[in-house]
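Undergrad: What follows is input.pdb; its format and atoms are PDB, C-alpha atoms.
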```pdb
ATOM      1  CA  PRO A 139      -9.189 -10.365  11.649  1.00  0.00           C
ATOM      2  CA  ILE A 140      -7.200  -7.692   9.847  1.00  0.00           C
ATOM      3  CA  ALA A 141      -9.261  -4.844   8.371  1.00  0.00           C
ATOM      4  CA  MET A 142      -8.292  -2.916   5.240  1.00  0.00           C
ATOM      5  CA  TRP A 143     -10.302   0.287   4.908  1.00  0.00           C
ATOM      6  CA  ALA A 144     -10.501   2.401   1.756  1.00  0.00           C
ATOM      7  CA  ILE A 145     -11.568   5.446   3.701  1.00  0.00           C
ATOM      8  CA  THR A 146     -11.923   7.935   0.822  1.00  0.00           C
ATOM      9  CA  THR A 147     -11.994   8.111  -2.960  1.00  0.00           C
ATOM     10  CA  ARG A 148     -10.159  11.456  -2.937  1.00  0.00           C
ATOM     11  CA  CYS A 149      -6.820  11.194  -4.711  1.00  0.00           C
ATOM     12  CA  ASN A 150      -4.286  13.599  -6.191  1.00  0.00           C
ATOM     13  CA  CYS A 151      -2.738  11.040  -8.548  1.00  0.00           C
ATOM     14  CA  LYS A 152      -4.159   9.731 -11.819  1.00  0.00           C
ATOM     15  CA  CYS A 153      -2.583   6.297 -12.013  1.00  0.00           C
ATOM     16  CA  TYR A 154      -3.400   4.562 -15.283  1.00  0.00           C
ATOM     17  CA  PHE A 155      -3.895   1.260 -13.457  1.00  0.00           C
ATOM     18  CA  CYS A 156      -6.478   2.635 -11.018  1.00  0.00           C
ATOM     19  CA  LYS A 157     -10.090   3.819 -11.250  1.00  0.00           C
ATOM     20  CA  VAL A 158     -10.538   5.428  -7.847  1.00  0.00           C
ATOM     21  CA  TRP A 159      -9.497   8.959  -8.863  1.00  0.00           C
ATOM     22  CA  ARG A 160     -12.283   8.968 -11.488  1.00  0.00           C
ATOM     23  CA  LYS A 161     -14.974   8.545  -8.832  1.00  0.00           C
ATOM     24  CA  PRO A 162     -16.841  11.316  -7.004  1.00  0.00           C
ATOM     25  CA  VAL A 163     -15.836  11.952  -3.406  1.00  0.00           C
ATOM     26  CA  ILE A 164     -17.169   9.097  -1.307  1.00  0.00           C
ATOM     27  CA  GLU A 165     -16.148   8.900   2.347  1.00  0.00           C
ATOM     28  CA  PRO A 166     -17.650   8.548   5.836  1.00  0.00           C
ATOM     29  CA  SER A 167     -18.385  11.397   8.190  1.00  0.00           C
ATOM     30  CA  LEU A 168     -16.300  11.479  11.355  1.00  0.00           C
ATOM     31  CA  LYS A 169     -19.187   9.968  13.306  1.00  0.00           C
ATOM     32  CA  GLN A 170     -19.549   7.131  10.795  1.00  0.00           C
ATOM     33  CA  ALA A 171     -15.799   6.524  10.805  1.00  0.00           C
ATOM     34  CA  LEU A 172     -15.597   6.241  14.594  1.00  0.00           C
ATOM     35  CA  GLN A 173     -18.646   3.961  14.636  1.00  0.00           C
ATOM     36  CA  THR A 174     -16.917   1.746  12.069  1.00  0.00           C
ATOM     37  CA  ILE A 175     -13.905   1.412  14.365  1.00  0.00           C
ATOM     38  CA  ASP A 176     -16.226   0.443  17.208  1.00  0.00           C
ATOM     39  CA  VAL A 177     -17.772  -2.287  15.041  1.00  0.00           C
ATOM     40  CA  LEU A 178     -14.346  -3.604  14.001  1.00  0.00           C
ATOM     41  CA  ASP A 179     -13.276  -3.611  17.645  1.00  0.00           C
ATOM     42  CA  LYS A 180     -16.321  -5.700  18.618  1.00  0.00           C
ATOM     43  CA  MET A 181     -15.530  -8.118  15.765  1.00  0.00           C
ATOM     44  CA  GLY A 182     -12.120  -8.734  17.266  1.00  0.00           C
ATOM     45  CA  CYS A 183     -10.066  -6.913  14.636  1.00  0.00           C
ATOM     46  CA  TYR A 184      -6.622  -6.003  15.918  1.00  0.00           C
ATOM     47  CA  SER A 185      -5.034  -4.395  12.851  1.00  0.00           C
ATOM     48  CA  LEU A 186      -6.376  -1.550  10.724  1.00  0.00           C
ATOM     49  CA  SER A 187      -4.833  -0.700   7.356  1.00  0.00           C
ATOM     50  CA  ILE A 188      -6.146   2.623   6.038  1.00  0.00           C
ATOM     51  CA  THR A 189      -5.947   3.294   2.325  1.00  0.00           C
ATOM     52  CA  GLY A 190      -7.883   5.232  -0.304  1.00  0.00           C
ATOM     53  CA  GLY A 191      -7.764   7.023  -2.668  1.00  0.00           C
ATOM     54  CA  GLU A 192      -5.167   9.001  -0.791  1.00  0.00           C
ATOM     55  CA  PRO A 193      -5.978   8.805   2.939  1.00  0.00           C
ATOM     56  CA  LEU A 194      -4.077  12.003   3.746  1.00  0.00           C
ATOM     57  CA  LEU A 195      -6.816  13.845   1.823  1.00  0.00           C
ATOM     58  CA  TYR A 196      -9.461  12.525   4.228  1.00  0.00           C
ATOM     59  CA  PRO A 197     -10.287  15.483   6.523  1.00  0.00           C
ATOM     60  CA  HIS A 198     -10.763  13.411   9.705  1.00  0.00           C
ATOM     61  CA  LEU A 199      -7.750  11.117   9.334  1.00  0.00           C
ATOM     62  CA  GLU A 200      -5.985  12.308  12.486  1.00  0.00           C
ATOM     63  CA  GLU A 201      -9.076  11.724  14.635  1.00  0.00           C
ATOM     64  CA  VAL A 202      -9.600   8.278  13.113  1.00  0.00           C
ATOM     65  CA  ILE A 203      -5.995   7.219  13.707  1.00  0.00           C
ATOM     66  CA  ASN A 204      -5.983   8.517  17.277  1.00  0.00           C
ATOM     67  CA  TYR A 205      -9.279   6.787  18.087  1.00  0.00           C
ATOM     68  CA  ALA A 206      -8.107   3.478  16.615  1.00  0.00           C
ATOM     69  CA  HIS A 207      -4.850   3.805  18.547  1.00  0.00           C
ATOM     70  CA  GLU A 208      -6.771   4.375  21.790  1.00  0.00           C
ATOM     71  CA  LYS A 209      -8.794   1.226  21.028  1.00  0.00           C
ATOM     72  CA  GLY A 210      -5.584  -0.765  20.759  1.00  0.00           C
ATOM     73  CA  PHE A 211      -5.454  -1.259  16.996  1.00  0.00           C
ATOM     74  CA  ILE A 212      -2.197  -1.604  15.103  1.00  0.00           C
ATOM     75  CA  VAL A 213      -2.673   1.208  12.573  1.00  0.00           C
ATOM     76  CA  GLN A 214      -1.111   1.290   9.120  1.00  0.00           C
ATOM     77  CA  ILE A 215      -1.430   4.167   6.647  1.00  0.00           C
ATOM     78  CA  ASN A 216      -1.005   3.502   2.914  1.00  0.00           C
ATOM     79  CA  THR A 217      -0.055   6.667   1.043  1.00  0.00           C
ATOM     80  CA  ASN A 218       1.312   7.799  -2.303  1.00  0.00           C
ATOM     81  CA  GLY A 219       3.677  10.008  -0.313  1.00  0.00           C
ATOM     82  CA  SER A 220       2.880  13.227  -2.161  1.00  0.00           C
ATOM     83  CA  MET A 221       1.664  15.038   0.973  1.00  0.00           C
ATOM     84  CA  LEU A 222       3.458  12.999   3.592  1.00  0.00           C
ATOM     85  CA  ALA A 223       6.278  15.341   4.604  1.00  0.00           C
ATOM     86  CA  GLU A 224       3.897  18.127   5.626  1.00  0.00           C
ATOM     87  CA  ASN A 225       1.390  15.815   7.322  1.00  0.00           C
ATOM     88  CA  VAL A 226       3.559  13.688   9.594  1.00  0.00           C
ATOM     89  CA  SER A 227       2.135  15.320  12.722  1.00  0.00           C
ATOM     90  CA  ARG A 228      -1.396  14.216  11.726  1.00  0.00           C
ATOM     91  CA  ILE A 229      -0.394  10.555  11.656  1.00  0.00           C
ATOM     92  CA  SER A 230       1.954  10.451  14.643  1.00  0.00           C
ATOM     93  CA  LYS A 231      -0.058   7.651  16.307  1.00  0.00           C
ATOM     94  CA  ALA A 232       0.236   5.331  13.314  1.00  0.00           C
ATOM     95  CA  ASP A 233       2.367   2.228  13.768  1.00  0.00           C
ATOM     96  CA  LEU A 234       3.433   1.924  10.138  1.00  0.00           C
ATOM     97  CA  VAL A 235       3.410   4.176   7.071  1.00  0.00           C
ATOM     98  CA  THR A 236       3.536   2.339   3.744  1.00  0.00           C
ATOM     99  CA  ILE A 237       4.642   4.513   0.819  1.00  0.00           C
ATOM    100  CA  SER A 238       3.949   3.527  -2.785  1.00  0.00           C
ATOM    101  CA  LEU A 239       7.140   3.415  -4.835  1.00  0.00           C
ATOM    102  CA  ASP A 240       6.878   1.625  -8.164  1.00  0.00           C
ATOM    103  CA  TYR A 241      10.065   2.864  -9.853  1.00  0.00           C
ATOM    104  CA  PRO A 242      13.409   4.056  -8.404  1.00  0.00           C
ATOM    105  CA  SER A 243      13.282   7.236 -10.489  1.00  0.00           C
ATOM    106  CA  GLU A 244      10.923   9.935 -11.760  1.00  0.00           C
ATOM    107  CA  GLU A 245       9.340   7.223 -13.943  1.00  0.00           C
ATOM    108  CA  HIS A 246       7.320   6.685 -10.773  1.00  0.00           C
ATOM    109  CA  ALA A 247       5.867  10.201 -11.161  1.00  0.00           C
ATOM    110  CA  LYS A 248       4.977   9.528 -14.796  1.00  0.00           C
ATOM    111  CA  VAL A 249       2.940   6.368 -14.190  1.00  0.00           C
ATOM    112  CA  ARG A 250       1.033   8.036 -11.356  1.00  0.00           C
ATOM    113  CA  GLU A 251       0.711  11.388 -13.146  1.00  0.00           C
ATOM    114  CA  HIS A 252       1.895  13.498 -10.235  1.00  0.00           C
ATOM    115  CA  PRO A 253       4.866  15.878 -10.690  1.00  0.00           C
ATOM    116  CA  ASN A 254       8.008  15.106  -8.647  1.00  0.00           C
ATOM    117  CA  LEU A 255       6.275  12.234  -6.869  1.00  0.00           C
ATOM    118  CA  PHE A 256       9.459  10.172  -6.559  1.00  0.00           C
ATOM    119  CA  GLN A 257      11.245  12.951  -4.667  1.00  0.00           C
ATOM    120  CA  LYS A 258       8.133  13.734  -2.604  1.00  0.00           C
ATOM    121  CA  ALA A 259       7.875  10.094  -1.538  1.00  0.00           C
ATOM    122  CA  LEU A 260      11.509  10.039  -0.380  1.00  0.00           C
ATOM    123  CA  LYS A 261      11.068  13.394   1.372  1.00  0.00           C
ATOM    124  CA  GLY A 262       8.043  11.969   3.175  1.00  0.00           C
ATOM    125  CA  ALA A 263       9.996   8.883   4.200  1.00  0.00           C
ATOM    126  CA  ASN A 264      12.745  11.090   5.626  1.00  0.00           C
ATOM    127  CA  ALA A 265      10.177  13.129   7.559  1.00  0.00           C
ATOM    128  CA  CYS A 266       8.694   9.939   9.015  1.00  0.00           C
ATOM    129  CA  ARG A 267      12.117   8.702  10.048  1.00  0.00           C
ATOM    130  CA  ARG A 268      12.847  11.995  11.830  1.00  0.00           C
ATOM    131  CA  ALA A 269       9.532  11.618  13.675  1.00  0.00           C
ATOM    132  CA  ASN A 270      10.361   8.012  14.647  1.00  0.00           C
ATOM    133  CA  LEU A 271       7.573   6.669  12.454  1.00  0.00           C
ATOM    134  CA  ARG A 272       8.250   3.290  10.904  1.00  0.00           C
ATOM    135  CA  VAL A 273       7.999   3.205   7.097  1.00  0.00           C
ATOM    136  CA  ASP A 274       8.072   0.639   4.356  1.00  0.00           C
ATOM    137  CA  PHE A 275       7.704   0.861   0.590  1.00  0.00           C
ATOM    138  CA  SER A 276       5.224  -0.910  -1.653  1.00  0.00           C
ATOM    139  CA  ALA A 277       5.860  -1.552  -5.340  1.00  0.00           C
ATOM    140  CA  LEU A 278       3.072  -2.573  -7.689  1.00  0.00           C
ATOM    141  CA  LEU A 279       4.654  -4.763 -10.341  1.00  0.00           C
ATOM    142  CA  LEU A 280       3.804  -3.022 -13.598  1.00  0.00           C
ATOM    143  CA  GLY A 281       6.654  -4.344 -15.732  1.00  0.00           C
ATOM    144  CA  GLU A 282      10.258  -3.385 -16.500  1.00  0.00           C
ATOM    145  CA  GLN A 283      11.094  -2.395 -12.933  1.00  0.00           C
ATOM    146  CA  ASP A 284      14.461  -2.615 -11.233  1.00  0.00           C
ATOM    147  CA  ILE A 285      13.559  -4.267  -7.936  1.00  0.00           C
ATOM    148  CA  VAL A 286      17.214  -4.322  -6.873  1.00  0.00           C
ATOM    149  CA  LYS A 287      17.311  -0.509  -6.871  1.00  0.00           C
ATOM    150  CA  LEU A 288      13.920  -0.380  -5.146  1.00  0.00           C
ATOM    151  CA  ALA A 289      15.218  -2.753  -2.458  1.00  0.00           C
ATOM    152  CA  GLU A 290      18.337  -0.607  -2.066  1.00  0.00           C
ATOM    153  CA  ILE A 291      16.188   2.472  -1.499  1.00  0.00           C
ATOM    154  CA  ALA A 292      14.154   0.608   1.115  1.00  0.00           C
ATOM    155  CA  ARG A 293      17.316  -0.584   2.845  1.00  0.00           C
ATOM    156  CA  SER A 294      18.666   2.978   2.968  1.00  0.00           C
ATOM    157  CA  PHE A 295      15.632   3.899   5.095  1.00  0.00           C
ATOM    158  CA  ASN A 296      15.909   0.751   7.223  1.00  0.00           C
ATOM    159  CA  ALA A 297      12.573  -0.188   5.654  1.00  0.00           C
ATOM    160  CA  SER A 298      11.082  -3.190   3.878  1.00  0.00           C
ATOM    161  CA  LEU A 299       9.961  -3.479   0.265  1.00  0.00           C
ATOM    162  CA  VAL A 300       6.568  -5.067  -0.389  1.00  0.00           C
ATOM    163  CA  LEU A 301       6.020  -6.465  -3.881  1.00  0.00           C
ATOM    164  CA  SER A 302       2.427  -6.736  -5.061  1.00  0.00           C
ATOM    165  CA  TYR A 303       0.678  -7.746  -8.246  1.00  0.00           C
ATOM    166  CA  PRO A 304      -3.086  -7.823  -8.839  1.00  0.00           C
ATOM    167  CA  ASP A 305      -3.354 -11.330 -10.297  1.00  0.00           C
ATOM    168  CA  VAL A 306      -1.334 -12.724  -7.402  1.00  0.00           C
ATOM    169  CA  GLY A 307      -2.016 -10.446  -4.462  1.00  0.00           C
ATOM    170  CA  GLY A 308      -5.482  -9.171  -5.312  1.00  0.00           C
ATOM    171  CA  SER A 309      -6.662  -5.816  -6.672  1.00  0.00           C
ATOM    172  CA  LEU A 310      -9.856  -3.949  -7.361  1.00  0.00           C
ATOM    173  CA  HIS A 311      -8.420  -2.370 -10.473  1.00  0.00           C
ATOM    174  CA  ALA A 312      -6.806  -5.189 -12.468  1.00  0.00           C
ATOM    175  CA  ASP A 313      -9.193  -4.686 -15.392  1.00  0.00           C
ATOM    176  CA  ALA A 314      -8.020  -1.087 -15.872  1.00  0.00           C
ATOM    177  CA  TRP A 315      -4.630  -1.835 -17.418  1.00  0.00           C
ATOM    178  CA  ASP A 316      -2.597  -4.372 -19.374  1.00  0.00           C
ATOM    179  CA  LEU A 317      -0.960  -6.855 -17.029  1.00  0.00           C
ATOM    180  CA  PRO A 318       2.754  -7.622 -17.404  1.00  0.00           C
ATOM    181  CA  SER A 319       3.671 -11.047 -18.767  1.00  0.00           C
ATOM    182  CA  LYS A 320       3.562 -14.031 -16.437  1.00  0.00           C
ATOM    183  CA  GLN A 321       7.102 -14.905 -17.473  1.00  0.00           C
ATOM    184  CA  TRP A 322       8.417 -11.478 -16.411  1.00  0.00           C
ATOM    185  CA  LEU A 323       6.536 -11.658 -13.120  1.00  0.00           C
ATOM    186  CA  ALA A 324       7.831 -15.149 -12.324  1.00  0.00           C
ATOM    187  CA  GLU A 325      11.391 -13.978 -12.979  1.00  0.00           C
ATOM    188  CA  CYS A 326      10.741 -10.918 -10.804  1.00  0.00           C
ATOM    189  CA  PHE A 327       9.609 -13.084  -7.887  1.00  0.00           C
ATOM    190  CA  LYS A 328      12.607 -15.390  -8.380  1.00  0.00           C
ATOM    191  CA  SER A 329      14.852 -12.325  -8.194  1.00  0.00           C
ATOM    192  CA  ALA A 330      13.044 -11.269  -5.021  1.00  0.00           C
ATOM    193  CA  ILE A 331      13.813 -14.661  -3.455  1.00  0.00           C
ATOM    194  CA  ALA A 332      17.502 -14.248  -4.321  1.00  0.00           C
ATOM    195  CA  LEU A 333      17.499 -10.726  -2.871  1.00  0.00           C
ATOM    196  CA  LYS A 334      15.825 -11.894   0.311  1.00  0.00           C
ATOM    197  CA  GLU A 335      18.349 -14.725   0.677  1.00  0.00           C
ATOM    198  CA  SER A 336      21.112 -12.126   0.256  1.00  0.00           C
ATOM    199  CA  GLY A 337      19.770 -10.046   3.128  1.00  0.00           C
ATOM    200  CA  TYR A 338      17.764  -7.432   1.242  1.00  0.00           C
ATOM    201  CA  PRO A 339      14.631  -6.253   3.112  1.00  0.00           C
ATOM    202  CA  ILE A 340      11.962  -7.941   0.968  1.00  0.00           C
ATOM    203  CA  PHE A 341       8.803  -8.022   3.082  1.00  0.00           C
ATOM    204  CA  ASN A 342       7.077 -10.861   1.189  1.00  0.00           C
ATOM    205  CA  THR A 343       7.579 -14.262   2.785  1.00  0.00           C
ATOM    206  CA  MET A 344       9.469 -17.023   0.987  1.00  0.00           C
ATOM    207  CA  LEU A 345       6.296 -19.086   1.074  1.00  0.00           C
ATOM    208  CA  GLY A 346       4.307 -16.288  -0.533  1.00  0.00           C
ATOM    209  CA  LEU A 347       6.918 -15.647  -3.235  1.00  0.00           C
ATOM    210  CA  ARG A 348       7.166 -19.333  -4.124  1.00  0.00           C
ATOM    211  CA  ASP A 349       3.380 -19.626  -4.192  1.00  0.00           C
ATOM    212  CA  ALA A 350       3.199 -16.651  -6.584  1.00  0.00           C
ATOM    213  CA  ILE A 351       5.711 -18.319  -8.907  1.00  0.00           C
ATOM    214  CA  GLN A 352       3.791 -21.593  -8.762  1.00  0.00           C
ATOM    215  CA  TYR A 353       0.560 -19.823  -9.607  1.00  0.00           C
ATOM    216  CA  LEU A 354       2.084 -17.945 -12.517  1.00  0.00           C
ATOM    217  CA  GLU A 355       3.702 -21.077 -13.964  1.00  0.00           C
ATOM    218  CA  SER A 356       0.959 -23.639 -13.336  1.00  0.00           C
ATOM    219  CA  GLY A 357      -2.204 -21.774 -12.351  1.00  0.00           C
ATOM    220  CA  LYS A 358      -2.236 -23.608  -9.006  1.00  0.00           C
ATOM    221  CA  ARG A 359      -1.830 -22.151  -5.550  1.00  0.00           C
ATOM    222  CA  SER A 360      -0.819 -23.661  -2.231  1.00  0.00           C
ATOM    223  CA  ILE A 361      -1.946 -20.745  -0.069  1.00  0.00           C
ATOM    224  CA  PRO A 362      -5.741 -20.312   0.144  1.00  0.00           C
ATOM    225  CA  CYS A 363      -7.525 -16.978  -0.026  1.00  0.00           C
ATOM    226  CA  PHE A 364      -8.341 -15.575   3.420  1.00  0.00           C
ATOM    227  CA  ALA A 365     -10.650 -12.762   2.284  1.00  0.00           C
ATOM    228  CA  GLY A 366     -13.654 -12.534   4.579  1.00  0.00           C
ATOM    229  CA  LYS A 367     -12.046 -14.907   7.076  1.00  0.00           C
ATOM    230  CA  SER A 368      -8.923 -13.291   8.471  1.00  0.00           C
ATOM    231  CA  ILE A 369      -8.945 -10.227   6.186  1.00  0.00           C
ATOM    232  CA  ILE A 370     -11.863  -7.792   5.874  1.00  0.00           C
ATOM    233  CA  TYR A 371     -12.086  -5.113   3.162  1.00  0.00           C
ATOM    234  CA  ILE A 372     -14.213  -1.998   3.739  1.00  0.00           C
ATOM    235  CA  ASP A 373     -15.075   0.892   1.451  1.00  0.00           C
ATOM    236  CA  TRP A 374     -17.783   3.556   1.430  1.00  0.00           C
ATOM    237  CA  ASP A 375     -18.944   3.039  -2.141  1.00  0.00           C
TER     238      ASP A 375
END
```
Write the structure described by the file as structure tokens, please.

TA:
Amino acid sequence: PIAMWAITTRCNCKCYFCKVWRKPVIEPSLKQALQTIDVLDKMGCYSLSITGGEPLLYPHLEEVINYAHEKGFIVQINTNGSMLAENVSRISKADLVTISLDYPSEEHAKVREHPNLFQKALKGANACRRANLRVDFSALLLGEQDIVKLAEIARSFNASLVLSYPDVGGSLHADAWDLPSKQWLAECFKSAIALKESGYPIFNTMLGLRDAIQYLESGKRSIPCFAGKSIIYIDWD
């Protein structure tokens, strides 16, 4: 199985579509974190995706990544990018760094309520590239986004662009904000298919994109949910 671990509730953004930053600090001790990796290892997990909150605010992140790496896990870090440039050395054993990037401009900073976040995210991506760390970008589809420009940014870093949406891809926070229209989302996924066919680095599979469109237009899905079967979600709440 693949494990996704929300390792801390600490966050330095105040995204209107998320509740995590409103919570008190909830996170495991180092001992608890390493024991969790041992349990996941015994369960046969091979991939560990660490998220938050903002995982770079977790004080034991470097030890957790290094231990998971020693155990043979493929380790992914999901970050808002605000602290990435100055913390690359702490995550040097990660296999992939996924940076949130919802808009190809400082509009990204506005929706996440963090000054200069767009530039900080790109600076972090550059720092990762210099350190030979693989990066990709993840865009949460909030509405009125230019996915062509987002895909161009990803391509400039030799990275992929992941498109996600709570009603299609799953989210803990979908009740915290007004969802964009199904019509806009379907058109967005159709555009993503065209971009992918044109060679743009869209990470989502064709099957997944077409299934999202089908779900939005008919309410039916062809791909079943794998939560609890091949995907495990962990938090400390």

Undergrad: Translate the PyMOL selection byres ((chain A and resi 270) around 12), as applied to the file shown, into an explicit residue set as a ChimeraX atom specification.

TA: /A:226-227,229-235,263-269,271-273,295-296

Undergrad: One decimal, Å: what's the distance from CA of Lys169 in chain A over to CA of Thr146 in chain A, could you say?

TA: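 Answer for the CA of Lys169 in chain A to CA of Thr146 in chain A separation: 14.6 Å.
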
Undergrad: How many Å lie between CA of Glu335 in chain A and CA of Phe275 in chain A, rounded to one decimal?

TA: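 Calculated distance between CA of Glu335 in chain A and CA of Phe275 in chain A is 18.9 Å.
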
Undergrad: Quick check, in Å to one decimal: how far apart do CA of Ala141 in chain A and CA of Ile372 in chain A lie?

TA: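 Separation of CA of Ala141 in chain A and CA of Ile372 in chain A: 7.4 Å.
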
Undergrad: Under the rule that all atoms listed in the file are counted, which of A:Glu290, A:Thr217, A:Tyr303, A:Ser243 is the nearest residue to Gly337 in chain A?

TA: A:Glu290

Undergrad: Counting only C-alpha atoms, which of A:Ala297, A:Ile188, A:Leu347, A:Leu168 gets nearest to Ser360 in chain A?

TA: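 Between A:Ala297, A:Ile188, A:Leu347, A:Leu168, the residue approaching Ser360 in chain A most closely is A:Leu347.
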
Undergrad: Exactly which residues make up the result of the PyMOL selection byres ((chain A and resi 278-287) around 10) on this file, given as an MDAnalysis selection string?

TA: chainID A and resid 155 238:243 245 249 276:277 288:293 299:304 307 315:319 322:323 326:327 329:330 333 338 340

Undergrad: What lies within 6 Å of range 149-153 of chain A using all atoms listed in the file, ignoring chain neighbours under 4 positions off, as a ChimeraX atom specification?

TA: /A:159,191-192,249-252

Undergrad: Write out the residues from the selection above, keeping C-alpha atoms, as an mmCIF file, keeping the file's coordinate frame.

TA:
```cif
data_model
loop_
_atom_site.group_PDB
_atom_site.id
_atom_site.type_symbol
_atom_site.label_atom_id
_atom_site.label_comp_id
_atom_site.auth_asym_id
_atom_site.auth_seq_id
_atom_site.Cartn_x
_atom_site.Cartn_y
_atom_site.Cartn_z
ATOM 1 C CA TRP A 159 -9.497 8.959 -8.863
ATOM 2 C CA GLY A 191 -7.764 7.023 -2.668
ATOM 3 C CA GLU A 192 -5.167 9.001 -0.791
ATOM 4 C CA VAL A 249 2.940 6.368 -14.190
ATOM 5 C CA ARG A 250 1.033 8.036 -11.356
ATOM 6 C CA GLU A 251 0.711 11.388 -13.146
ATOM 7 C CA HIS A 252 1.895 13.498 -10.235
#
```

Undergrad: Nearest to Ala206 in chain A: which of A:Ile175, A:Ala223, A:Met181, A:Leu194 is it, counting all atoms listed in the file?

TA: A:Ile175

Undergrad: Could you write out as a PyMOL selection string the residues that the PyMOL selection byres ((chain A and resi 189) around 6) matches in the shown file?

TA: chain A and resi 143-144+188+190+193+216

Undergrad: Save range 221-227 of chain A from what I just supplied, as a PDB file, in the first residue's frame, atoms limited to all heavy atoms.

TA:
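Output contents, as saved in part.pdb:
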```
ATOM      1  N   MET A 221       8.970  27.725   2.814  1.00  0.00           N
ATOM      2  CA  MET A 221      10.221  27.569   3.549  1.00  0.00           C
ATOM      3  C   MET A 221      11.187  26.632   2.835  1.00  0.00           C
ATOM      4  O   MET A 221      12.204  26.238   3.387  1.00  0.00           O
ATOM      5  CB  MET A 221       9.926  26.994   4.947  1.00  0.00           C
ATOM      6  CG  MET A 221       8.933  27.780   5.765  1.00  0.00           C
ATOM      7  SD  MET A 221       8.352  26.807   7.182  1.00  0.00           S
ATOM      8  CE  MET A 221       9.894  26.414   7.983  1.00  0.00           C
ATOM      9  N   LEU A 222      10.863  26.279   1.620  1.00  0.00           N
ATOM     10  CA  LEU A 222      11.590  25.210   0.942  1.00  0.00           C
ATOM     11  C   LEU A 222      13.031  25.567   0.636  1.00  0.00           C
ATOM     12  O   LEU A 222      13.949  24.757   0.866  1.00  0.00           O
ATOM     13  CB  LEU A 222      10.841  24.833  -0.340  1.00  0.00           C
ATOM     14  CG  LEU A 222      11.381  23.665  -1.149  1.00  0.00           C
ATOM     15  CD1 LEU A 222      11.529  22.415  -0.293  1.00  0.00           C
ATOM     16  CD2 LEU A 222      10.467  23.399  -2.343  1.00  0.00           C
ATOM     17  N   ALA A 223      13.271  26.760   0.119  1.00  0.00           N
ATOM     18  CA  ALA A 223      14.621  27.125  -0.326  1.00  0.00           C
ATOM     19  C   ALA A 223      15.655  26.987   0.787  1.00  0.00           C
ATOM     20  O   ALA A 223      16.780  26.538   0.550  1.00  0.00           O
ATOM     21  CB  ALA A 223      14.625  28.546  -0.874  1.00  0.00           C
ATOM     22  N   GLU A 224      15.265  27.370   2.004  1.00  0.00           N
ATOM     23  CA  GLU A 224      16.216  27.325   3.123  1.00  0.00           C
ATOM     24  C   GLU A 224      16.217  25.997   3.867  1.00  0.00           C
ATOM     25  O   GLU A 224      16.932  25.827   4.849  1.00  0.00           O
ATOM     26  CB  GLU A 224      15.941  28.469   4.101  1.00  0.00           C
ATOM     27  CG  GLU A 224      14.552  28.504   4.677  1.00  0.00           C
ATOM     28  CD  GLU A 224      13.587  29.370   3.903  1.00  0.00           C
ATOM     29  OE1 GLU A 224      13.626  29.355   2.659  1.00  0.00           O
ATOM     30  OE2 GLU A 224      12.766  30.063   4.530  1.00  0.00           O
ATOM     31  N   ASN A 225      15.426  25.036   3.406  1.00  0.00           N
ATOM     32  CA  ASN A 225      15.332  23.752   4.103  1.00  0.00           C
ATOM     33  C   ASN A 225      15.650  22.551   3.217  1.00  0.00           C
ATOM     34  O   ASN A 225      15.399  21.412   3.608  1.00  0.00           O
ATOM     35  CB  ASN A 225      13.923  23.578   4.685  1.00  0.00           C
ATOM     36  CG  ASN A 225      13.724  24.342   5.971  1.00  0.00           C
ATOM     37  OD1 ASN A 225      14.162  23.916   7.039  1.00  0.00           O
ATOM     38  ND2 ASN A 225      13.074  25.490   5.871  1.00  0.00           N
ATOM     39  N   VAL A 226      16.221  22.802   2.054  1.00  0.00           N
ATOM     40  CA  VAL A 226      16.512  21.711   1.132  1.00  0.00           C
ATOM     41  C   VAL A 226      17.427  20.664   1.761  1.00  0.00           C
ATOM     42  O   VAL A 226      17.256  19.456   1.554  1.00  0.00           O
ATOM     43  CB  VAL A 226      17.117  22.266  -0.180  1.00  0.00           C
ATOM     44  CG1 VAL A 226      17.739  21.155  -1.011  1.00  0.00           C
ATOM     45  CG2 VAL A 226      16.044  22.973  -0.993  1.00  0.00           C
ATOM     46  N   SER A 227      18.394  21.101   2.547  1.00  0.00           N
ATOM     47  CA  SER A 227      19.330  20.138   3.148  1.00  0.00           C
ATOM     48  C   SER A 227      18.637  19.171   4.097  1.00  0.00           C
ATOM     49  O   SER A 227      19.090  18.034   4.274  1.00  0.00           O
ATOM     50  CB  SER A 227      20.447  20.879   3.890  1.00  0.00           C
ATOM     51  OG  SER A 227      19.925  21.647   4.964  1.00  0.00           O
TER      52      SER A 227
END
```
